[in-house]
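Peer 1: Okay, handing you the structure first.
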Protein chains: 2
Amino acid sequence: MSTPFDLDAATTAAAAAARSLAFAPTAKKNDALTRMAAGLEGARAALQEANRLDLEAGEAAGLSTAMLDRLALTDGRIDQMAEGLRQIVALPDPVGGITRHEVRPNGLEIAKVRVPIGVVGIIYESRPNVTADAAGLCLKSGNAVVLRGGSEAIYSNRAIAEILAEAVAAAGLEPAAVTFVDDTDRALVARLLKMDDRVDLIIPRGGEGLIRFVTETATIPVIKHDKGLCHTYVDRYVDLEMAAEVALNAKVQRPGTCNAMETLLVHVAVAEPLFERFAPAARDAGVIVHGCKRTCALLAPVMGDQLVPAAEADWDTEWLSLDCSVRIVDSLNEALDHIAAHTSHHSEAILTRDYDRARRFLREVDAAAVYVNASTRFTDGFEFGLGAEIGISTNKLHARGPMGLEDLTTSKYTILGSGQVRG
Amino acid sequence: MSTPFDLDAATTAAAAAARSLAFAPTAKKNDALTRMAAGLEGARAALQEANRLDLEAGEAAGLSTAMLDRLALTDGRIDQMAEGLRQIVALPDPVGGITRHEVRPNGLEIAKVRVPIGVVGIIYESRPNVTADAAGLCLKSGNAVVLRGGSEAIYSNRAIAEILAEAVAAAGLEPAAVTFVDDTDRALVARLLKMDDRVDLIIPRGGEGLIRFVTETATIPVIKHDKGLCHTYVDRYVDLEMAAEVALNAKVQRPGTCNAMETLLVHVAVAEPLFERFAPAARDAGVIVHGCKRTCALLAPVMGDQLVPAAEADWDTEWLSLDCSVRIVDSLNEALDHIAAHTSHHSEAILTRDYDRARRFLREVDAAAVYVNASTRFTDGFEFGLGAEIGISTNKLHARGPMGLEDLTTSKYTILGSGQVRG
């Protein structure tokens with residue numbers, strides 16, 4: 001670039017855009033979203049040309065195949081971005097929704113109304129589709145967004161962001177509502193994270209290193225989308241067929257996601273019959289079991305070299321792969337203690353036929369999502385009926401679990417009176 | 001004290017207490033609250049004896065009369081603490097409340113359930129009644145509380161906290177649910193603020209210096225209860241009698257509070273008739289007007305030496321006294337611009353008969369509470385029907401405005417299935 005990026009001017013413009021966007025009519029915001037979708041589809045060639053520059057630079061820099069795959073803007077991914085934006089059009093506008101309303105004895109009419117948060121900063125890595133997804137959700141919820149993507153995707157992100165901002169302007173809204181930090185200087189991120197006078201929320205999306213840097217640096221409130229170390233506990237009273245199927249799904253359906261199972265806990269009374277059903281399918285799917293002693297003894301004949309003894313650190317490892325820690329426990333208490341000690345508070349499941357044990361698990365496990373008899377893979381904004389998600393919050397405050405449009409709002413009390421004074 | 005206070009052990013015990021308190025039955029929590037109230041009433045003499053030590057130390061240290069007054073545990077204040085706890089008994093338990101529920105097409109039954117946050121740290125100054133008020137609200141919402149009061153109230157706070165913890169134990173709950181940091185060493189506060197592995201939320205209550213220290217030091221999420229620089233705008237279309245009465249109430253009814261009016265904005269078209277009604281009463285109530293040029297010209301005859309020209313800094317000053325900034329504006333736009341430039345986003349009011357102007361003010365003003373035709377003094381948990389409040393949040397995330405029992409909870413998704421797997 002010829003001139004350095006002016007972060008002060010850009011964030012000031014974003015804050016100004018947020019003020020008018022806060023009460024933009026839904027129809028206007030939907031018009032912008034529809035234009036965004038059409039814009040991306042119409043610029044397919046240009047997007048893929050920009051993406052090619054990122055891919056070539058990535059190859060030259062020796063990025064892994066997995067990284068290059070995440071980076072690629074295939075036809076399918078461009079379609080998905082456009083389709084995602086159109087799905088956001090169809091979602092209800094959260095702004096203006098009333099979450100509490102009361103007429104007080106003195107006649108004051110008090111309502112708690114959903115309003116946009118203001119300016120949301122998204123710090124993300126690799127996947128250029130986040131640019132469109134995050135901008136769409138922020139725009140629909142009336143927030144300006146400041147996007148800071150990874151340097152490896154700079155050409156792709158810039159091309160996408162330009163199209164989005166043009167669509168916003170064409171709909172008659174401030175283009176700074178979608179502000180792209182068009183500079184790969186890492187020092188800018190640190191500065192952005194301290195602009196608490198104009199940025200209201202930071203959402204980091206990426207690896208542990210990024211999230212640690214953001215939480216340690218930011219003076220702005222951060223909603224983390226941190227790791228998921230999810231357990232599935234197979235209770236002694238259980239439908240074994242169901243348990244084997246659900247545990248397998250939680251592990252293998254998409255092992256690289258934060259809601260995949262990382263540790264399987266099995267009650268000793270059903271370990272043998274459960275493994276009979278689970279292990280052959282797991283082996284065929286490529287699962288590597290990191291087993292406790294008793295697990296190893298039972299599974300050695302079936303798993304062969306796909307079985308290794310679990311190291312102590314394995315119980316705290318988010319594999320994000322076909323690896324799976326497996327431990328046999330003697331009681332529900334032992335399962336609950338194991339989970340309390342190792343949980344990332346993301347998604348935890350019990351598989352049981354016992355009513356009291358199900359209720360106890362639901363009550364005592366401290367996690368964003370607690371399941372009875374279902375795969376943890378369902379922790380997701382779409383699957384939960386929120387329509388879309390900007391991520392899965394591992395925070396306890398403001399938003400916990402899949403974070404949809406409503407979680408991108410805050411509240412304002414409006415008080416309608418007729419001259420009331422306090423006595 | 002003979003041995004230094006063990007903050008690590010105390011906060012570890014609080015976190016353990018939080019785990020069991022999270023699903024304690026309402027009846028047990030109410031029993032503890034009732035015992036707390038009775039315990040305080042029964043220990044009146046001992047409390048006042050402890051308080052005498054604080055007051056004597058305060059006098060010796062040269063505390064102001066206002067500070068000493070805030071510190072004093074009069075009979076009335078002990079009654080108020082007990083009464084406050086009994087009022088909390090009467091409030092509904094927020095834990096377990098369902099805020100969202102849906103049966104998904106695949107049969108998964110998904111509920112969003114209110115659960116306690118965990119361990120709440122309260123950092124406060126001067127007023128010993130906060131010890132009982134905060135502990136009561138945290139207990140009812142299923143949270144353990146770690147209380148760190150000001151050194152000037154150490155004897156009083158210690159005496160109150162001991163009674164509270166005994167009551168908790170007598171009700172069969174973990175006494176560490178009410179943990180008092182019995183040490184006045186300031187370094188302990190800095191350590192507490194970084195214990196994000198066991199403390200989930202910090203609420204500072206006190207002056208600007210305390211709040212700045214807490215927000216700059218904490219790695220734990222903070223909900224600020226910061227200053228209120230509240231405006232009342234008297235529109236050109238207005239019932240002048242009502243406007244004068246409401247503005248006066250907002251200023252003088254209790255000027256030391258964060259929801260009192262600090263700046264009065266008056267449309268030029270009604271400045272003269274409004275001042276005719278407002279100024280004599282304000283003068284008699286002891287109000288000192290810091291007026292803009294036009295205000296000074298109009299008010300000089302009435303206010304005499306209770307009128308001074310406003311300095312530029314006055315528009316950003318939270319007086320917390322009978323001082324009042326007054327500015328004449330030429331339009332609603334100018335009023336909105338003034339508020340946008342100087343608001344603390346706490347409570348703002350328009351006094352008007354005009355429907356469109358009322359709606360515009362409600363929509364465009366960015367504050368926790370926005371009023372039409374009422375005194376800003378109503379921004380308060382009791383007045384808003386929340387039952388009680390742990391403070392008035394000036395944050396945008398998690399809680400904004402009066403913060404009641406529901407705001408002391410977070411959520412957990414519970415998912416009931418029958419073997420669902422993701423395809």
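Order determines the names: the first chain of the structure tokens is A, the second B, and so forth; residues in each chain are numbered 1 upward, and ligands are numbered 1 upward as they are shown.
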Give me, as a list in words, the residues of range 152-300 of chain B that a backbone DSSP run labels strand (DSSP E).

Peer 2: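 Answer for range 152-300 of chain B, restricted to strand (DSSP E): Val178, Thr179, Phe180, Leu201, Ile202, Ile203, Pro204, Arg205, Cys230, His231, Thr232, Tyr233, Val234, Met261, Glu262, Thr263, Leu264, Leu265, Val266, His267, Ile288, Val289, His290 and Gly291 of chain B.
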
Peer 1: How would the residues just picked look written out with C-alpha atoms as a PDB file, in the first residue's frame?

Peer 2:
ATOM      1  CA  VAL B 178     -20.032 -15.490  52.003  1.00  0.00           C
ATOM      2  CA  THR B 179     -16.275 -14.939  52.072  1.00  0.00           C
ATOM      3  CA  PHE B 180     -14.925 -11.756  53.610  1.00  0.00           C
ATOM      4  CA  LEU B 201     -17.150 -11.446  37.894  1.00  0.00           C
ATOM      5  CA  ILE B 202     -15.954  -8.320  39.695  1.00  0.00           C
ATOM      6  CA  ILE B 203     -18.345  -5.531  40.651  1.00  0.00           C
ATOM      7  CA  PRO B 204     -16.619  -2.391  41.929  1.00  0.00           C
ATOM      8  CA  ARG B 205     -18.745   0.040  43.911  1.00  0.00           C
ATOM      9  CA  CYS B 230     -27.689  12.885  33.444  1.00  0.00           C
ATOM     10  CA  HIS B 231     -29.384  15.493  31.271  1.00  0.00           C
ATOM     11  CA  THR B 232     -32.969  16.700  31.197  1.00  0.00           C
ATOM     12  CA  TYR B 233     -34.036  18.435  27.993  1.00  0.00           C
ATOM     13  CA  VAL B 234     -37.081  20.689  28.104  1.00  0.00           C
ATOM     14  CA  MET B 261     -29.803  15.640  36.880  1.00  0.00           C
ATOM     15  CA  GLU B 262     -26.464  17.396  36.340  1.00  0.00           C
ATOM     16  CA  THR B 263     -27.334  19.409  33.234  1.00  0.00           C
ATOM     17  CA  LEU B 264     -30.604  21.063  32.242  1.00  0.00           C
ATOM     18  CA  LEU B 265     -31.040  21.817  28.534  1.00  0.00           C
ATOM     19  CA  VAL B 266     -33.868  24.180  27.608  1.00  0.00           C
ATOM     20  CA  HIS B 267     -35.261  25.008  24.176  1.00  0.00           C
ATOM     21  CA  ILE B 288     -26.239  26.879  42.142  1.00  0.00           C
ATOM     22  CA  VAL B 289     -26.725  27.384  38.402  1.00  0.00           C
ATOM     23  CA  HIS B 290     -23.723  27.185  36.069  1.00  0.00           C
ATOM     24  CA  GLY B 291     -25.347  28.870  33.113  1.00  0.00           C
TER      25      GLY B 291
END

Peer 1: Got a sec: who's within 7 Å of Arg127 in chain A, counting only C-alpha atoms, leaving out chain neighbours fewer than 2 positions off, as a list in words?

Peer 2: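 After dropping sequence-adjacent residues, the list is Arg70, Leu71, Glu125, Asn129 and Val130 of chain A.
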
Peer 1: Any chance you could tabulate, as CSV, the residues of chain A at most 8 Å from chain B with each one's nearest atom pair and distance in Å to one decimal, using only C-alpha atoms, in chain and rising number order?

Peer 2:
residue,atom,partner,partner_atom,distance
A:Arg19,CA,B:Glu364,CA,8.0
A:Phe23,CA,B:Arg363,CA,6.9
A:Glu102,CA,B:Gly385,CA,7.7
A:Arg104,CA,B:Gly385,CA,7.2
A:Ile110,CA,B:Phe384,CA,7.0
A:Ile117,CA,B:Lys396,CA,6.8
A:Asp200,CA,B:Lys396,CA,7.7
A:Glu216,CA,B:Thr219,CA,7.6
A:Thr219,CA,B:Glu216,CA,7.6
A:Pro221,CA,B:Pro221,CA,7.6
A:Met242,CA,B:Gly419,CA,5.6
A:Ala243,CA,B:Gly419,CA,7.4
A:Glu245,CA,B:Val421,CA,7.6
A:Val246,CA,B:Val421,CA,5.7
A:Asn249,CA,B:Val421,CA,6.0
A:Ala250,CA,B:Val421,CA,7.6
A:Gln253,CA,B:Arg422,CA,7.2
A:Leu362,CA,B:Thr414,CA,6.8
A:Arg363,CA,B:Phe23,CA,6.9
A:Glu364,CA,B:Phe23,CA,7.5
A:Asp366,CA,B:Lys412,CA,7.9
A:Ala367,CA,B:Lys412,CA,6.6
A:Ala368,CA,B:Lys412,CA,4.9
A:Ala369,CA,B:Tyr413,CA,4.5
A:Val370,CA,B:Thr414,CA,4.9
A:Tyr371,CA,B:Ile415,CA,4.7
A:Val372,CA,B:Leu416,CA,5.0
A:Asn373,CA,B:Gly417,CA,4.9
A:Ala374,CA,B:Gln420,CA,4.8
A:Ser375,CA,B:Val421,CA,5.3
A:Arg377,CA,B:Arg422,CA,6.4
A:Phe378,CA,B:Arg422,CA,6.7
A:Glu383,CA,B:Arg104,CA,7.9
A:Phe384,CA,B:Ile110,CA,7.0
A:Gly385,CA,B:Arg104,CA,7.2
A:Lys396,CA,B:Thr410,CA,6.1
A:Leu397,CA,B:His398,CA,5.7
A:His398,CA,B:His398,CA,3.8
A:Ala399,CA,B:His398,CA,7.5
A:Arg400,CA,B:Ser411,CA,6.5
A:Gly401,CA,B:Tyr413,CA,7.6
A:Thr410,CA,B:Lys396,CA,6.1
A:Ser411,CA,B:Arg400,CA,6.5
A:Lys412,CA,B:Ala368,CA,4.9
A:Tyr413,CA,B:Ala369,CA,4.5
A:Thr414,CA,B:Val370,CA,5.0
A:Ile415,CA,B:Tyr371,CA,4.7
A:Leu416,CA,B:Val372,CA,5.1
A:Gly417,CA,B:Asn373,CA,4.9
A:Ser418,CA,B:Asn373,CA,5.3
A:Gly419,CA,B:Ala374,CA,5.0
A:Gln420,CA,B:Ala374,CA,4.8
A:Val421,CA,B:Ser375,CA,5.3
A:Arg422,CA,B:Arg377,CA,6.5
A:Gly423,CA,B:Gln253,CA,7.5

Peer 1: One decimal, in Å: what's the spacing between CA of Leu193 in chain B and CA of Thr26 in chain B?

Peer 2: 29.9 Å
